[in-house]
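Note sheet for the following structure.
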Amino acid sequence: MLLLRSVLFTVLMFITVVPYALLVVLFGFVNKAFAWRFARAWGRLVDRMAGFLCGLHYVVEGRENFPDHASIVMAKHSSACETIMLLVIVPRHSWVLKRELIWLPFFGWALWAMRPIAINRSAGSSAVQQVLKQGCDRLARGMWVVIFPEGTRMPPGETRRYGMSGALLAQRAGVPIVPIAHNAGDFWPRRGWRKEPGTVRFVIGPSIDPTGREPREVNAEVQGWIEAKVAELRVEAGHAPATRQ
């Protein structure tokens, strides 16, 4: 029965993205800040549908750690759940994402309208330079920048070396990094239809100041905090605690 409800939830999620995406695109030509209201409204709708159909909810801890000015968020990446919920949790922001996503019908068009930093992941150093240039522009406009430093969704309990673009951007722009850990991957797997009932915990960590520090040192601190907190969340939720690096 849970599988059937999970399938219904996924189908409804894809159906509902169509009108909201069109509204984001339409209003994006007039007022991008106003268009964000529709993106966040869709995120809240997805949350309500997940709770009603799958018994899946989320809580946010540490909101007081958000600075009062646009900054960089580096978040764990394990499922589509955090991508959607960060729409609601983080102030108006620009994602760093692979450019292929903006080619998707409706969802990709809405992404494009929200001014993402769409990179060619195989471009190497030129992709990093694009993140630095466009990231500074977004921050100067009052938009936050959200980066998934692992670059791809990781299975629960696993990670990989974090990319350096977030730490480099923080140092160049002179803004802090806000790490976000969560256990969404245990409830909303990166593959498959089934969503497990429970409560996803998003924990916003203390901001990390890059001033006067080596980017690699900053990056290591971000990864250390996120992965340790994810392991802690998984233990507290009764899931496997091991993290393979």
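Residue numbers start at 1 in each chain; chains themselves are named A, B, ... in the order of the structure tokens; ligands are numbered from 1 in the order shown.
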
Practice problem: Give the helix (DSSP H, G or I) residues of stretch 14-178 of chain A, as DSSP finds them on the backbone, and put them as an MDAnalysis selection string. | Solution: chainID A and resid 14:28 32:54 63:65 80:89 99:103 107:113 121:123 125:140 165:173

Exercise. Please provide as a list in words all residues within 7 Å of stretch 195-204 of chain A, with the sequence filter that same-chain residues fewer than 6 positions apart are discarded (counting only C-alpha atoms).
Key: Ser6, Cys54, Gly55, Leu56, His57, Tyr58, Val59, Val60, Glu61, Gly62, Arg63, Asn65, Pro179, Ile180, Ala181, His182, Asn183, Ala184, Phe187 and Trp188 of chain A

Quiz item: Quick one: of A:Trp95, A:Tyr20, A:Phe38, A:Phe52, who's nearest to A:Arg138, counting only C-alpha atoms?
Solution: A:Trp95

Quiz item: Residues at most 8 Å from A:Asp209, counting only C-alpha atoms, excluding those fewer than 5 positions away in the same chain, as a count of residues only?
Solution: 3

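With only C-alpha atoms taken into account, the protein and nucleic acid residues at most 12 Å from A:Leu45 (excluding it and anything under 5 positions from it in its own chain) are A:Phe9, A:Leu12, A:Met13, A:Phe14, A:Ile15, A:Thr16, A:Val17, A:Tyr20, A:Phe38, A:Ala39, A:Arg40, A:Ala50, A:Gly51, A:Phe52, A:Ile84, A:Met85, A:Leu87, A:Val88.
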
Since we have the selection now, will you write its residues out, keeping N, CA and C atoms, as a CSV table (one decimal), in the first residue's frame?
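Writing the result to selection.csv gives the following:
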```csv
chain,number,residue,atom,x,y,z
A,9,PHE,N,2.1,9.8,-5.2
A,9,PHE,CA,2.7,11.0,-4.8
A,9,PHE,C,3.7,11.5,-5.9
A,12,LEU,N,1.7,12.8,-8.9
A,12,LEU,CA,1.1,14.1,-8.6
A,12,LEU,C,2.2,15.2,-8.5
A,13,MET,N,3.4,14.9,-8.0
A,13,MET,CA,4.5,15.8,-8.0
A,13,MET,C,4.8,16.3,-9.4
A,14,PHE,N,4.9,15.4,-10.3
A,14,PHE,CA,5.3,15.7,-11.7
A,14,PHE,C,4.1,16.5,-12.4
A,15,ILE,N,2.9,16.2,-12.0
A,15,ILE,CA,1.7,16.9,-12.6
A,15,ILE,C,1.7,18.3,-12.1
A,16,THR,N,1.8,18.5,-10.8
A,16,THR,CA,1.7,19.8,-10.2
A,16,THR,C,2.8,20.7,-10.6
A,17,VAL,N,4.0,20.2,-11.0
A,17,VAL,CA,5.1,21.1,-11.3
A,17,VAL,C,4.8,21.9,-12.6
A,20,TYR,N,2.9,25.3,-11.8
A,20,TYR,CA,3.8,26.2,-11.0
A,20,TYR,C,5.0,26.6,-11.8
A,38,PHE,N,6.1,31.4,-6.3
A,38,PHE,CA,5.4,30.3,-6.8
A,38,PHE,C,6.3,29.0,-6.7
A,39,ALA,N,7.6,29.2,-6.8
A,39,ALA,CA,8.5,28.1,-6.6
A,39,ALA,C,8.4,27.6,-5.2
A,40,ARG,N,8.4,28.5,-4.2
A,40,ARG,CA,8.3,28.0,-2.9
A,40,ARG,C,6.9,27.5,-2.5
A,50,ALA,N,3.5,14.8,0.4
A,50,ALA,CA,4.4,13.8,1.0
A,50,ALA,C,3.9,13.4,2.4
A,51,GLY,N,3.4,14.3,3.1
A,51,GLY,CA,2.9,14.0,4.5
A,51,GLY,C,1.6,13.3,4.4
A,52,PHE,N,0.7,13.7,3.5
A,52,PHE,CA,-0.6,13.1,3.5
A,52,PHE,C,-0.6,11.7,2.9
A,84,ILE,N,14.1,20.0,-3.3
A,84,ILE,CA,12.8,20.7,-3.2
A,84,ILE,C,12.6,21.4,-1.9
A,85,MET,N,13.0,20.8,-0.8
A,85,MET,CA,12.7,21.4,0.5
A,85,MET,C,13.6,22.7,0.7
A,87,LEU,N,14.1,24.9,-1.4
A,87,LEU,CA,13.3,26.0,-1.9
A,87,LEU,C,12.6,26.8,-0.8
A,88,VAL,N,12.1,26.0,0.2
A,88,VAL,CA,11.3,26.6,1.3
A,88,VAL,C,12.2,27.0,2.4
```

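Closest approach to A:Val146 from the set A:Thr211, A:Ser71, A:Ser126, A:Gln223 is made by A:Ser71, with distances taken over only C-alpha atoms.
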
Quiz prompt | Distance query stretch 100-108 of chain A at most 7 Å, only C-alpha atoms, self and fewer than 3 positions along chain excluded, as JSON, numbers by chain | solution = {"A": [17, 18, 21, 22, 111, 112]}

Can those selected residues be exported to a file as a compact mmCIF listing (two decimals), in the first residue's frame so that it contains N, CA and C atoms?
```txt
# COMPACT_ATOMS: atom_id res chain seq x y z
N VAL A 17 3.98 20.19 -10.99
CA VAL A 17 5.10 21.06 -11.34
C VAL A 17 4.78 21.87 -12.60
N VAL A 18 3.88 21.36 -13.45
CA VAL A 18 3.61 22.03 -14.73
C VAL A 18 3.01 23.43 -14.53
N ALA A 21 5.52 25.73 -12.65
CA ALA A 21 6.68 26.09 -13.48
C ALA A 21 6.30 27.17 -14.48
N LEU A 22 5.14 27.05 -15.08
CA LEU A 22 4.70 28.06 -16.04
C LEU A 22 4.53 29.42 -15.37
N LEU A 111 13.69 26.36 -13.55
CA LEU A 111 15.06 26.53 -13.05
C LEU A 111 15.75 27.68 -13.77
N TRP A 112 15.64 27.70 -15.07
CA TRP A 112 16.27 28.76 -15.87
C TRP A 112 15.76 30.13 -15.45
```

Picked from stretch 42-195 of chain A by DSSP as strand (DSSP E), as a PDB file with N, CA and C atoms, in the first residue's frame:
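Contents of selection-v4.pdb, as written:
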```pdb
ATOM      1  N   LEU A  56       5.492  11.251   5.242  1.00  0.00           N
ATOM      2  CA  LEU A  56       6.849  11.788   5.272  1.00  0.00           C
ATOM      3  C   LEU A  56       6.799  13.280   5.550  1.00  0.00           C
ATOM      4  N   HIS A  57       7.471  13.688   6.615  1.00  0.00           N
ATOM      5  CA  HIS A  57       7.478  15.082   7.030  1.00  0.00           C
ATOM      6  C   HIS A  57       8.921  15.557   7.194  1.00  0.00           C
ATOM      7  N   TYR A  58       9.101  16.848   7.464  1.00  0.00           N
ATOM      8  CA  TYR A  58      10.449  17.343   7.727  1.00  0.00           C
ATOM      9  C   TYR A  58      10.418  18.409   8.806  1.00  0.00           C
ATOM     10  N   VAL A  59      11.539  18.538   9.486  1.00  0.00           N
ATOM     11  CA  VAL A  59      11.719  19.601  10.475  1.00  0.00           C
ATOM     12  C   VAL A  59      13.046  20.292  10.178  1.00  0.00           C
ATOM     13  N   VAL A  60      13.139  21.534  10.592  1.00  0.00           N
ATOM     14  CA  VAL A  60      14.363  22.320  10.378  1.00  0.00           C
ATOM     15  C   VAL A  60      14.903  22.757  11.733  1.00  0.00           C
ATOM     16  N   GLU A  61      16.177  22.521  11.945  1.00  0.00           N
ATOM     17  CA  GLU A  61      16.835  22.925  13.182  1.00  0.00           C
ATOM     18  C   GLU A  61      17.974  23.886  12.842  1.00  0.00           C
ATOM     19  N   ILE A  72      26.525  31.623   1.226  1.00  0.00           N
ATOM     20  CA  ILE A  72      26.612  30.385   0.460  1.00  0.00           C
ATOM     21  C   ILE A  72      26.146  29.228   1.321  1.00  0.00           C
ATOM     22  N   VAL A  73      25.289  28.398   0.775  1.00  0.00           N
ATOM     23  CA  VAL A  73      24.864  27.172   1.441  1.00  0.00           C
ATOM     24  C   VAL A  73      25.537  25.993   0.756  1.00  0.00           C
ATOM     25  N   MET A  74      26.177  25.144   1.545  1.00  0.00           N
ATOM     26  CA  MET A  74      26.695  23.881   1.034  1.00  0.00           C
ATOM     27  C   MET A  74      25.938  22.775   1.759  1.00  0.00           C
ATOM     28  N   ALA A  75      25.270  21.920   0.987  1.00  0.00           N
ATOM     29  CA  ALA A  75      24.359  20.943   1.570  1.00  0.00           C
ATOM     30  C   ALA A  75      24.671  19.533   1.100  1.00  0.00           C
ATOM     31  N   HIS A  93      17.453  32.010  -3.696  1.00  0.00           N
ATOM     32  CA  HIS A  93      18.814  31.594  -3.996  1.00  0.00           C
ATOM     33  C   HIS A  93      18.980  31.146  -5.441  1.00  0.00           C
ATOM     34  N   SER A  94      20.238  30.959  -5.798  1.00  0.00           N
ATOM     35  CA  SER A  94      20.628  30.456  -7.110  1.00  0.00           C
ATOM     36  C   SER A  94      21.362  29.136  -6.907  1.00  0.00           C
ATOM     37  N   TRP A  95      20.888  28.098  -7.576  1.00  0.00           N
ATOM     38  CA  TRP A  95      21.552  26.802  -7.492  1.00  0.00           C
ATOM     39  C   TRP A  95      22.755  26.744  -8.424  1.00  0.00           C
ATOM     40  N   VAL A  96      23.789  26.048  -8.001  1.00  0.00           N
ATOM     41  CA  VAL A  96      24.831  25.609  -8.920  1.00  0.00           C
ATOM     42  C   VAL A  96      24.427  24.207  -9.358  1.00  0.00           C
ATOM     43  N   LEU A  97      24.210  24.029 -10.663  1.00  0.00           N
ATOM     44  CA  LEU A  97      23.698  22.749 -11.155  1.00  0.00           C
ATOM     45  C   LEU A  97      24.254  22.439 -12.538  1.00  0.00           C
ATOM     46  N   LYS A  98      24.105  21.182 -12.936  1.00  0.00           N
ATOM     47  CA  LYS A  98      24.551  20.794 -14.270  1.00  0.00           C
ATOM     48  C   LYS A  98      23.590  21.379 -15.301  1.00  0.00           C
ATOM     49  N   ILE A 117      23.164  28.873 -11.707  1.00  0.00           N
ATOM     50  CA  ILE A 117      24.509  28.856 -12.275  1.00  0.00           C
ATOM     51  C   ILE A 117      24.656  27.487 -12.920  1.00  0.00           C
ATOM     52  N   ALA A 118      24.353  27.425 -14.206  1.00  0.00           N
ATOM     53  CA  ALA A 118      24.285  26.155 -14.926  1.00  0.00           C
ATOM     54  C   ALA A 118      25.626  25.869 -15.582  1.00  0.00           C
ATOM     55  N   ILE A 119      26.322  24.860 -15.093  1.00  0.00           N
ATOM     56  CA  ILE A 119      27.685  24.593 -15.542  1.00  0.00           C
ATOM     57  C   ILE A 119      27.769  23.302 -16.348  1.00  0.00           C
ATOM     58  N   TRP A 144      21.176  34.212  -2.379  1.00  0.00           N
ATOM     59  CA  TRP A 144      22.063  33.210  -1.813  1.00  0.00           C
ATOM     60  C   TRP A 144      22.512  32.267  -2.931  1.00  0.00           C
ATOM     61  N   VAL A 145      23.569  31.522  -2.697  1.00  0.00           N
ATOM     62  CA  VAL A 145      24.042  30.518  -3.650  1.00  0.00           C
ATOM     63  C   VAL A 145      24.043  29.165  -2.953  1.00  0.00           C
ATOM     64  N   VAL A 146      23.358  28.197  -3.542  1.00  0.00           N
ATOM     65  CA  VAL A 146      23.272  26.848  -2.977  1.00  0.00           C
ATOM     66  C   VAL A 146      24.115  25.894  -3.813  1.00  0.00           C
ATOM     67  N   ILE A 147      25.012  25.185  -3.136  1.00  0.00           N
ATOM     68  CA  ILE A 147      25.915  24.249  -3.804  1.00  0.00           C
ATOM     69  C   ILE A 147      25.797  22.886  -3.144  1.00  0.00           C
ATOM     70  N   ILE A 177      30.059  30.485   4.670  1.00  0.00           N
ATOM     71  CA  ILE A 177      29.415  29.261   4.192  1.00  0.00           C
ATOM     72  C   ILE A 177      28.525  28.734   5.305  1.00  0.00           C
ATOM     73  N   VAL A 178      27.295  28.388   4.941  1.00  0.00           N
ATOM     74  CA  VAL A 178      26.363  27.791   5.899  1.00  0.00           C
ATOM     75  C   VAL A 178      26.192  26.322   5.515  1.00  0.00           C
ATOM     76  N   PRO A 179      26.679  25.392   6.330  1.00  0.00           N
ATOM     77  CA  PRO A 179      26.529  23.963   6.002  1.00  0.00           C
ATOM     78  C   PRO A 179      25.156  23.447   6.425  1.00  0.00           C
ATOM     79  N   ILE A 180      24.577  22.585   5.615  1.00  0.00           N
ATOM     80  CA  ILE A 180      23.289  21.972   5.954  1.00  0.00           C
ATOM     81  C   ILE A 180      23.413  20.455   5.814  1.00  0.00           C
ATOM     82  N   ALA A 181      23.100  19.769   6.891  1.00  0.00           N
ATOM     83  CA  ALA A 181      23.093  18.305   6.903  1.00  0.00           C
ATOM     84  C   ALA A 181      21.662  17.817   7.040  1.00  0.00           C
ATOM     85  N   HIS A 182      21.407  16.607   6.563  1.00  0.00           N
ATOM     86  CA  HIS A 182      20.063  16.031   6.669  1.00  0.00           C
ATOM     87  C   HIS A 182      20.150  14.532   6.461  1.00  0.00           C
TER      88      HIS A 182
END
```

Exercise. Calculate how many Å separate atom CA of A:Pro19 from atom CA of A:Thr83, rounding to one decimal.
Key: 18.8 Å

Exercise. Excluding A:Trp193 and any residue of its chain fewer than 5 positions from it, enumerate the residues within 8 Å of it, using only C-alpha atoms, and give them as a PyMOL selection string.
Key: chain A and resi 3+6-7+10

Quiz prompt | Using only C-alpha atoms: which of A:Ser78, A:Glu232, A:Ser207, A:Arg5 has the shortest distance to A:Arg194 | solution = A:Arg5
